[in-house]
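The next block is structure16.cif, given as mmCIF, C-alpha atoms, pLDDT in the B column; chains and numbers go by the auth columns.
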data_entry
loop_
_atom_site.group_PDB
_atom_site.id
_atom_site.type_symbol
_atom_site.label_atom_id
_atom_site.label_comp_id
_atom_site.label_asym_id
_atom_site.label_seq_id
_atom_site.Cartn_x
_atom_site.Cartn_y
_atom_site.Cartn_z
_atom_site.B_iso_or_equiv
_atom_site.auth_seq_id
_atom_site.auth_asym_id
ATOM 1 C CA MET A 1 12.495 6.327 -38.567 61.00 1 A
ATOM 2 C CA SER A 2 12.329 2.927 -36.972 86.00 2 A
ATOM 3 C CA LEU A 3 12.285 2.034 -33.313 93.00 3 A
ATOM 4 C CA ARG A 4 15.115 0.048 -31.716 96.00 4 A
ATOM 5 C CA ILE A 5 13.356 -2.831 -29.957 98.00 5 A
ATOM 6 C CA VAL A 6 14.394 -5.441 -27.432 98.00 6 A
ATOM 7 C CA PHE A 7 11.841 -8.241 -27.751 98.00 7 A
ATOM 8 C CA MET A 8 10.997 -10.515 -24.812 98.00 8 A
ATOM 9 C CA GLY A 9 8.932 -13.649 -25.364 97.00 9 A
ATOM 10 C CA THR A 10 9.039 -17.411 -25.327 96.00 10 A
ATOM 11 C CA PRO A 11 6.344 -19.554 -27.080 96.00 11 A
ATOM 12 C CA ASP A 12 4.810 -19.644 -30.566 96.00 12 A
ATOM 13 C CA PHE A 13 2.294 -16.931 -29.627 96.00 13 A
ATOM 14 C CA ALA A 14 5.210 -14.536 -29.053 97.00 14 A
ATOM 15 C CA ARG A 15 7.067 -15.694 -32.155 98.00 15 A
ATOM 16 C CA ALA A 16 4.198 -14.396 -34.311 97.00 16 A
ATOM 17 C CA SER A 17 4.722 -10.892 -32.886 98.00 17 A
ATOM 18 C CA LEU A 18 8.481 -11.149 -33.344 98.00 18 A
ATOM 19 C CA GLU A 19 8.050 -12.208 -36.986 97.00 19 A
ATOM 20 C CA ALA A 20 5.661 -9.265 -37.504 97.00 20 A
ATOM 21 C CA LEU A 21 8.359 -6.945 -36.125 97.00 21 A
ATOM 22 C CA PHE A 22 10.930 -8.400 -38.535 96.00 22 A
ATOM 23 C CA ALA A 23 8.598 -7.587 -41.436 95.00 23 A
ATOM 24 C CA SER A 24 7.712 -4.107 -40.123 93.00 24 A
ATOM 25 C CA GLY A 25 10.934 -2.211 -40.682 87.00 25 A
ATOM 26 C CA HIS A 26 11.521 -1.650 -36.977 92.00 26 A
ATOM 27 C CA GLU A 27 14.912 -2.784 -35.737 96.00 27 A
ATOM 28 C CA VAL A 28 14.883 -5.727 -33.344 98.00 28 A
ATOM 29 C CA VAL A 29 18.269 -5.241 -31.680 98.00 29 A
ATOM 30 C CA ALA A 30 18.132 -8.113 -29.165 98.00 30 A
ATOM 31 C CA VAL A 31 15.864 -10.866 -27.889 98.00 31 A
ATOM 32 C CA VAL A 32 15.234 -12.272 -24.421 98.00 32 A
ATOM 33 C CA SER A 33 13.601 -15.662 -23.929 98.00 33 A
ATOM 34 C CA GLN A 34 13.351 -18.338 -21.289 96.00 34 A
ATOM 35 C CA PRO A 35 16.036 -21.039 -21.113 95.00 35 A
ATOM 36 C CA ASP A 36 15.866 -24.272 -23.090 91.00 36 A
ATOM 37 C CA ARG A 37 13.619 -26.831 -21.385 91.00 37 A
ATOM 38 C CA PRO A 38 13.175 -30.610 -21.595 86.00 38 A
ATOM 39 C CA LYS A 39 10.524 -31.507 -24.164 85.00 39 A
ATOM 40 C CA GLY A 40 8.868 -34.551 -25.613 81.00 40 A
ATOM 41 C CA ARG A 41 9.173 -38.183 -24.826 85.00 41 A
ATOM 42 C CA GLY A 42 12.940 -38.225 -24.525 83.00 42 A
ATOM 43 C CA GLN A 43 12.995 -34.993 -22.503 84.00 43 A
ATOM 44 C CA ALA A 44 15.750 -33.592 -24.709 85.00 44 A
ATOM 45 C CA LEU A 45 16.437 -29.907 -24.229 89.00 45 A
ATOM 46 C CA ALA A 46 14.494 -27.811 -26.725 91.00 46 A
ATOM 47 C CA ARG A 47 14.980 -24.161 -27.580 95.00 47 A
ATOM 48 C CA PRO A 48 11.841 -21.977 -27.216 96.00 48 A
ATOM 49 C CA PRO A 49 10.316 -20.738 -30.512 96.00 49 A
ATOM 50 C CA VAL A 50 11.313 -17.110 -29.868 98.00 50 A
ATOM 51 C CA ALA A 51 14.899 -18.133 -29.141 97.00 51 A
ATOM 52 C CA GLU A 52 14.908 -20.179 -32.372 97.00 52 A
ATOM 53 C CA ALA A 53 13.777 -17.130 -34.340 97.00 53 A
ATOM 54 C CA ALA A 54 16.493 -14.971 -32.765 98.00 54 A
ATOM 55 C CA VAL A 55 19.222 -17.506 -33.516 97.00 55 A
ATOM 56 C CA SER A 56 18.028 -17.924 -37.117 97.00 56 A
ATOM 57 C CA ARG A 57 18.393 -14.145 -37.586 97.00 57 A
ATOM 58 C CA GLY A 58 21.747 -13.935 -35.800 97.00 58 A
ATOM 59 C CA LEU A 59 20.365 -11.610 -33.134 98.00 59 A
ATOM 60 C CA PRO A 60 21.861 -11.217 -29.676 98.00 60 A
ATOM 61 C CA LEU A 61 19.914 -13.602 -27.427 98.00 61 A
ATOM 62 C CA LEU A 62 19.682 -13.823 -23.655 97.00 62 A
ATOM 63 C CA GLN A 63 17.917 -16.877 -22.254 97.00 63 A
ATOM 64 C CA THR A 64 17.183 -16.330 -18.580 96.00 64 A
ATOM 65 C CA ASP A 65 14.763 -16.846 -15.724 93.00 65 A
ATOM 66 C CA ARG A 66 16.342 -13.967 -13.808 93.00 66 A
ATOM 67 C CA THR A 67 14.935 -10.615 -14.902 94.00 67 A
ATOM 68 C CA GLY A 68 15.330 -8.857 -11.569 93.00 68 A
ATOM 69 C CA THR A 69 19.114 -8.647 -11.675 96.00 69 A
ATOM 70 C CA ARG A 70 21.436 -5.786 -12.464 96.00 70 A
ATOM 71 C CA GLU A 71 23.088 -8.022 -15.074 97.00 71 A
ATOM 72 C CA PHE A 72 19.770 -8.421 -16.890 97.00 72 A
ATOM 73 C CA ARG A 73 19.153 -4.659 -16.921 97.00 73 A
ATOM 74 C CA GLU A 74 22.706 -3.950 -18.086 98.00 74 A
ATOM 75 C CA TRP A 75 22.413 -6.500 -20.907 98.00 75 A
ATOM 76 C CA VAL A 76 19.170 -4.912 -22.137 98.00 76 A
ATOM 77 C CA ALA A 77 20.603 -1.393 -21.755 98.00 77 A
ATOM 78 C CA SER A 78 23.717 -2.344 -23.735 98.00 78 A
ATOM 79 C CA HIS A 79 21.515 -2.612 -26.853 98.00 79 A
ATOM 80 C CA ARG A 80 20.204 0.968 -26.423 97.00 80 A
ATOM 81 C CA PRO A 81 16.522 0.105 -26.999 98.00 81 A
ATOM 82 C CA ASP A 82 13.899 2.726 -27.614 96.00 82 A
ATOM 83 C CA LEU A 83 11.206 0.264 -26.573 96.00 83 A
ATOM 84 C CA GLY A 84 10.797 -3.128 -24.957 97.00 84 A
ATOM 85 C CA VAL A 85 8.142 -5.356 -26.533 97.00 85 A
ATOM 86 C CA VAL A 86 6.910 -8.274 -24.446 96.00 86 A
ATOM 87 C CA ALA A 87 4.653 -11.119 -25.582 96.00 87 A
ATOM 88 C CA ALA A 88 4.021 -14.277 -23.556 94.00 88 A
ATOM 89 C CA PHE A 89 7.434 -13.989 -21.920 93.00 89 A
ATOM 90 C CA GLY A 90 6.450 -15.785 -18.733 86.00 90 A
ATOM 91 C CA HIS A 91 8.179 -13.420 -16.295 88.00 91 A
ATOM 92 C CA LEU A 92 7.102 -10.192 -14.657 86.00 92 A
ATOM 93 C CA LEU A 93 9.463 -7.271 -15.104 92.00 93 A
ATOM 94 C CA GLY A 94 10.140 -5.058 -12.122 92.00 94 A
ATOM 95 C CA PRO A 95 10.057 -1.255 -12.249 93.00 95 A
ATOM 96 C CA ARG A 96 13.803 -0.932 -12.846 95.00 96 A
ATOM 97 C CA ALA A 97 13.714 -3.332 -15.809 95.00 97 A
ATOM 98 C CA LEU A 98 10.627 -1.620 -17.262 95.00 98 A
ATOM 99 C CA ALA A 99 12.468 1.711 -17.152 95.00 99 A
ATOM 100 C CA VAL A 100 15.521 0.576 -19.157 97.00 100 A
ATOM 101 C CA PRO A 101 14.140 1.261 -22.677 97.00 101 A
ATOM 102 C CA LYS A 102 13.734 4.988 -23.413 94.00 102 A
ATOM 103 C CA LEU A 103 9.997 4.627 -24.081 93.00 103 A
ATOM 104 C CA GLY A 104 9.386 1.866 -21.531 93.00 104 A
ATOM 105 C CA CYS A 105 7.836 -1.504 -22.373 95.00 105 A
ATOM 106 C CA ILE A 106 4.626 -2.608 -24.028 95.00 106 A
ATOM 107 C CA ASN A 107 2.910 -5.996 -23.912 95.00 107 A
ATOM 108 C CA VAL A 108 0.948 -8.032 -26.459 96.00 108 A
ATOM 109 C CA HIS A 109 -1.767 -9.794 -24.420 94.00 109 A
ATOM 110 C CA ALA A 110 -4.236 -12.374 -25.782 94.00 110 A
ATOM 111 C CA SER A 111 -7.372 -10.962 -24.199 93.00 111 A
ATOM 112 C CA LEU A 112 -9.802 -8.103 -24.506 91.00 112 A
ATOM 113 C CA LEU A 113 -8.831 -6.629 -21.175 84.00 113 A
ATOM 114 C CA PRO A 114 -9.939 -6.650 -18.495 85.00 114 A
ATOM 115 C CA ARG A 115 -11.665 -9.947 -19.373 84.00 115 A
ATOM 116 C CA TRP A 116 -8.750 -12.351 -18.809 80.00 116 A
ATOM 117 C CA ARG A 117 -5.565 -11.207 -17.105 80.00 117 A
ATOM 118 C CA GLY A 118 -2.667 -13.539 -16.440 77.00 118 A
ATOM 119 C CA ALA A 119 -1.008 -16.438 -18.184 77.00 119 A
ATOM 120 C CA SER A 120 -3.889 -18.418 -19.782 88.00 120 A
ATOM 121 C CA PRO A 121 -6.317 -15.994 -21.447 92.00 121 A
ATOM 122 C CA ILE A 122 -6.916 -18.136 -24.555 94.00 122 A
ATOM 123 C CA THR A 123 -7.710 -21.238 -22.524 93.00 123 A
ATOM 124 C CA MET A 124 -10.000 -19.206 -20.268 92.00 124 A
ATOM 125 C CA ALA A 125 -11.902 -17.792 -23.267 94.00 125 A
ATOM 126 C CA ILE A 126 -12.503 -21.306 -24.621 93.00 126 A
ATOM 127 C CA LEU A 127 -13.394 -22.812 -21.204 92.00 127 A
ATOM 128 C CA HIS A 128 -15.894 -20.049 -20.474 94.00 128 A
ATOM 129 C CA GLY A 129 -17.504 -20.149 -23.911 93.00 129 A
ATOM 130 C CA ASP A 130 -16.659 -16.534 -24.761 94.00 130 A
ATOM 131 C CA ALA A 131 -18.311 -15.365 -27.984 96.00 131 A
ATOM 132 C CA GLU A 132 -15.453 -12.939 -28.632 96.00 132 A
ATOM 133 C CA ALA A 133 -11.742 -12.994 -27.919 96.00 133 A
ATOM 134 C CA GLY A 134 -8.987 -10.621 -28.901 96.00 134 A
ATOM 135 C CA VAL A 135 -5.685 -8.992 -28.185 97.00 135 A
ATOM 136 C CA ALA A 136 -4.623 -5.899 -26.296 95.00 136 A
ATOM 137 C CA ILE A 137 -1.454 -3.855 -26.610 96.00 137 A
ATOM 138 C CA MET A 138 -0.714 -2.156 -23.303 93.00 138 A
ATOM 139 C CA ARG A 139 1.945 -0.116 -21.583 92.00 139 A
ATOM 140 C CA MET A 140 3.545 -2.304 -18.953 89.00 140 A
ATOM 141 C CA ASP A 141 3.599 -1.373 -15.303 80.00 141 A
ATOM 142 C CA VAL A 142 4.448 -3.392 -12.202 72.00 142 A
ATOM 143 C CA GLY A 143 1.051 -5.147 -12.014 62.00 143 A
ATOM 144 C CA MET A 144 -0.143 -8.224 -13.913 60.00 144 A
ATOM 145 C CA ASP A 145 -1.675 -6.907 -17.151 57.00 145 A
ATOM 146 C CA THR A 146 -2.701 -3.640 -15.477 66.00 146 A
ATOM 147 C CA GLY A 147 -1.046 -0.941 -17.610 74.00 147 A
ATOM 148 C CA ALA A 148 -2.852 1.545 -19.818 82.00 148 A
ATOM 149 C CA THR A 149 -4.175 0.017 -23.026 88.00 149 A
ATOM 150 C CA PHE A 150 -3.033 1.477 -26.361 91.00 150 A
ATOM 151 C CA ALA A 151 -5.185 -0.692 -28.609 94.00 151 A
ATOM 152 C CA MET A 152 -7.524 -3.692 -28.585 95.00 152 A
ATOM 153 C CA ARG A 153 -8.978 -5.710 -31.395 97.00 153 A
ATOM 154 C CA GLY A 154 -11.445 -8.562 -31.135 96.00 154 A
ATOM 155 C CA LEU A 155 -12.618 -11.424 -33.271 96.00 155 A
ATOM 156 C CA PRO A 156 -15.506 -13.863 -32.924 97.00 156 A
ATOM 157 C CA VAL A 157 -14.820 -17.238 -31.364 96.00 157 A
ATOM 158 C CA ALA A 158 -16.129 -19.833 -33.815 96.00 158 A
ATOM 159 C CA PRO A 159 -18.228 -22.702 -32.426 94.00 159 A
ATOM 160 C CA ASP A 160 -15.542 -25.173 -33.535 95.00 160 A
ATOM 161 C CA ASP A 161 -12.583 -23.151 -32.235 95.00 161 A
ATOM 162 C CA THR A 162 -10.217 -24.950 -29.913 95.00 162 A
ATOM 163 C CA THR A 163 -7.466 -23.486 -27.785 95.00 163 A
ATOM 164 C CA GLU A 164 -5.068 -24.256 -30.649 96.00 164 A
ATOM 165 C CA THR A 165 -7.099 -22.658 -33.441 97.00 165 A
ATOM 166 C CA LEU A 166 -7.933 -19.592 -31.359 97.00 166 A
ATOM 167 C CA HIS A 167 -4.270 -19.329 -30.336 96.00 167 A
ATOM 168 C CA ASP A 168 -3.188 -19.173 -33.972 97.00 168 A
ATOM 169 C CA LYS A 169 -5.797 -16.539 -34.872 97.00 169 A
ATOM 170 C CA LEU A 170 -4.908 -14.369 -31.879 97.00 170 A
ATOM 171 C CA ALA A 171 -1.157 -14.737 -32.441 97.00 171 A
ATOM 172 C CA ALA A 172 -1.530 -13.353 -35.980 97.00 172 A
ATOM 173 C CA LEU A 173 -3.900 -10.620 -34.806 98.00 173 A
ATOM 174 C CA GLY A 174 -1.468 -9.670 -32.029 97.00 174 A
ATOM 175 C CA GLY A 175 1.420 -9.263 -34.450 97.00 175 A
ATOM 176 C CA ALA A 176 -0.627 -7.069 -36.783 97.00 176 A
ATOM 177 C CA LEU A 177 -1.979 -4.895 -33.964 97.00 177 A
ATOM 178 C CA LEU A 178 1.513 -4.570 -32.479 97.00 178 A
ATOM 179 C CA VAL A 179 2.899 -3.163 -35.721 96.00 179 A
ATOM 180 C CA GLU A 180 -0.020 -0.715 -36.014 94.00 180 A
ATOM 181 C CA THR A 181 0.491 0.401 -32.414 95.00 181 A
ATOM 182 C CA LEU A 182 4.219 0.930 -32.954 95.00 182 A
ATOM 183 C CA GLY A 183 3.357 3.255 -35.821 89.00 183 A
ATOM 184 C CA ALA A 184 1.125 5.268 -33.474 88.00 184 A
ATOM 185 C CA ILE A 185 3.807 5.327 -30.771 86.00 185 A
ATOM 186 C CA GLU A 186 6.364 6.534 -33.305 85.00 186 A
ATOM 187 C CA ALA A 187 3.978 9.205 -34.579 78.00 187 A
ATOM 188 C CA GLY A 188 3.148 10.318 -31.043 77.00 188 A
ATOM 189 C CA THR A 189 -0.552 9.547 -31.531 76.00 189 A
ATOM 190 C CA ALA A 190 -0.774 6.509 -29.208 71.00 190 A
ATOM 191 C CA ILE A 191 -2.958 7.243 -26.217 56.00 191 A
#

Before we go any further, please render this structure as structure tokens.
Amino acid sequence: MSLRIVFMGTPDFARASLEALFASGHEVVAVVSQPDRPKGRGQALARPPVAEAAVSRGLPLLQTDRTGTREFREWVASHRPDLGVVAAFGHLLGPRALAVPKLGCINVHASLLPRWRGASPITMAILHGDAEAGVAIMRMDVGMDTGATFAMRGLPVAPDDTTETLHDKLAALGGALLVETLGAIEAGTAI
């Protein structure tokens, strides 16, 4: 059996988790991402990486900055998700949005919690000279990265790691750990 998933994310870090879901056998039924934004020298509108991945697969895509609306909840509910998977989405979800998927929502976070909560955990790990970084998969609640943790996996920060190189390592690790955690959720063995 595979889970029906609505995926919510925006940048390359999130795209790695989405691509891992595509390869996992779980069914990504819809994707939510932030709207296109001006980018580069010419400030032309650019589609976020997660939105690009959704379009390339022909998936239903909602690009929004408004996750607290009834319309948002109805759009997600219309895809009958078992689970919401969030990675670097850039918006907090309120309790009503978190309750739409049957099994709630989980988050892929680039930190060994509780070390770095919030939006810049990779940068913080590099700036503070952390010897180890990692990812956590957690159940989402109304706080900022405060839900119960299903799984965490770390890796050493190399002396020559930059924010970019660590980002790429953690993005791949996050996708792999997400797929493992979904297997445990499906089997009923996730804590």

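Using all atoms listed in the file, the protein and nucleic acid residues lying no more than 7 Å from segment 134-144 of chain A, apart from those fewer than 2 places from it along its own chain, are Leu93, Gly94, Pro95, Cys105, Ile106, Asn107, Val108, His109, Ala110, Ser111, Leu112, Leu113, Arg117, Gly118, Glu132, Thr146, Gly147, Ala148, Thr149, Phe150, Ala151, Met152, Arg153, Gly154, Leu155, Leu170, Gly174 and Leu178 of chain A.
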
> Excluding same-chain residues fewer than 2 positions from segment 41-49 of chain A, what lies within 10 Å of it counting only C-alpha atoms, as JSON, numbers by chain?
Replying inline: {"A": [9, 10, 11, 12, 13, 14, 15, 16, 33, 34, 35, 36, 37, 38, 39, 51, 52, 53, 54, 55, 63]}

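Straight-line separation from atom CA of Arg66 of chain A to atom CA of Pro121 of chain A: 24.0 Å.
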
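Once Glu164 of chain A and its same-chain neighbours fewer than 3 positions away are set aside, Asp12, Phe13, Ile122, Thr123, Ala125, Ile126, Asp160, Asp161, His167, Asp168, Lys169, Leu170 and Ala171 of chain A remain within 12 Å of it when counting all atoms listed in the file.
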
> What separation in Å, quoted to one decimal, exists between atom CA of Trp116 of chain A and atom CA of Gly129 of chain A?
Replying inline: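 Pair atom CA of Trp116 of chain A / atom CA of Gly129 of chain A returns 12.8 Å.
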
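Candidate residues A:Ala23, A:Leu3, A:Val100, A:Leu127 were compared for distance to Ala184 of chain A, and the nearest is A:Leu3, using all atoms listed in the file.
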
>> Please report the interatomic distance between atom CA of Pro81 of chain A and atom CA of Gly25 of chain A in Å with one decimal.
In response: 15.0 Å

> At a cut-off of 6 Å from (9.3, -9.6, -25.1) in the coordinates of the file, what residues are picked up using all atoms listed in the file, written as a ChimeraX atom specification?
Replying inline: /A:7-9,85-87,89

With N, CA, C and O atoms as the goal, would you fill in the gaps in segment 114-125 of chain A and present it as a PDB file, keeping the file's coordinate frame?
ATOM      1  N   PRO A 114     -10.515  -5.885 -19.608  1.00 85.00           N
ATOM      2  CA  PRO A 114      -9.939  -6.650 -18.495  1.00 85.00           C
ATOM      3  C   PRO A 114     -10.446  -8.090 -18.396  1.00 85.00           C
ATOM      4  O   PRO A 114     -10.301  -8.725 -17.356  1.00 85.00           O
ATOM      5  N   ARG A 115     -11.020  -8.634 -19.434  1.00 84.00           N
ATOM      6  CA  ARG A 115     -11.665  -9.947 -19.373  1.00 84.00           C
ATOM      7  C   ARG A 115     -10.770 -11.024 -18.770  1.00 84.00           C
ATOM      8  O   ARG A 115     -11.159 -11.674 -17.829  1.00 84.00           O
ATOM      9  N   TRP A 116      -9.602 -11.288 -19.334  1.00 80.00           N
ATOM     10  CA  TRP A 116      -8.750 -12.351 -18.809  1.00 80.00           C
ATOM     11  C   TRP A 116      -7.320 -11.835 -18.641  1.00 80.00           C
ATOM     12  O   TRP A 116      -6.602 -11.681 -19.593  1.00 80.00           O
ATOM     13  N   ARG A 117      -6.947 -11.584 -17.423  1.00 80.00           N
ATOM     14  CA  ARG A 117      -5.565 -11.207 -17.105  1.00 80.00           C
ATOM     15  C   ARG A 117      -4.784 -12.481 -16.797  1.00 80.00           C
ATOM     16  O   ARG A 117      -5.359 -13.512 -16.514  1.00 80.00           O
ATOM     17  N   GLY A 118      -3.476 -12.401 -16.842  1.00 77.00           N
ATOM     18  CA  GLY A 118      -2.667 -13.539 -16.440  1.00 77.00           C
ATOM     19  C   GLY A 118      -2.201 -14.397 -17.595  1.00 77.00           C
ATOM     20  O   GLY A 118      -2.258 -14.005 -18.756  1.00 77.00           O
ATOM     21  N   ALA A 119      -1.777 -15.610 -17.257  1.00 77.00           N
ATOM     22  CA  ALA A 119      -1.008 -16.438 -18.184  1.00 77.00           C
ATOM     23  C   ALA A 119      -1.833 -17.296 -19.138  1.00 77.00           C
ATOM     24  O   ALA A 119      -1.282 -17.834 -20.074  1.00 77.00           O
ATOM     25  N   SER A 120      -3.129 -17.478 -18.944  1.00 88.00           N
ATOM     26  CA  SER A 120      -3.889 -18.418 -19.782  1.00 88.00           C
ATOM     27  C   SER A 120      -5.158 -17.810 -20.372  1.00 88.00           C
ATOM     28  O   SER A 120      -6.228 -18.411 -20.305  1.00 88.00           O
ATOM     29  N   PRO A 121      -5.081 -16.642 -20.984  1.00 92.00           N
ATOM     30  CA  PRO A 121      -6.317 -15.994 -21.447  1.00 92.00           C
ATOM     31  C   PRO A 121      -7.024 -16.759 -22.571  1.00 92.00           C
ATOM     32  O   PRO A 121      -8.257 -16.744 -22.642  1.00 92.00           O
ATOM     33  N   ILE A 122      -6.281 -17.419 -23.439  1.00 94.00           N
ATOM     34  CA  ILE A 122      -6.916 -18.136 -24.555  1.00 94.00           C
ATOM     35  C   ILE A 122      -7.680 -19.351 -24.013  1.00 94.00           C
ATOM     36  O   ILE A 122      -8.835 -19.582 -24.377  1.00 94.00           O
ATOM     37  N   THR A 123      -7.048 -20.088 -23.145  1.00 93.00           N
ATOM     38  CA  THR A 123      -7.710 -21.238 -22.524  1.00 93.00           C
ATOM     39  C   THR A 123      -8.959 -20.794 -21.764  1.00 93.00           C
ATOM     40  O   THR A 123     -10.011 -21.446 -21.863  1.00 93.00           O
ATOM     41  N   MET A 124      -8.850 -19.698 -21.033  1.00 92.00           N
ATOM     42  CA  MET A 124     -10.000 -19.206 -20.268  1.00 92.00           C
ATOM     43  C   MET A 124     -11.152 -18.814 -21.194  1.00 92.00           C
ATOM     44  O   MET A 124     -12.316 -19.092 -20.895  1.00 92.00           O
ATOM     45  N   ALA A 125     -10.852 -18.185 -22.319  1.00 94.00           N
ATOM     46  CA  ALA A 125     -11.902 -17.792 -23.267  1.00 94.00           C
ATOM     47  C   ALA A 125     -12.631 -19.020 -23.798  1.00 94.00           C
ATOM     48  O   ALA A 125     -13.868 -19.028 -23.901  1.00 94.00           O
TER      49      ALA A 125
END
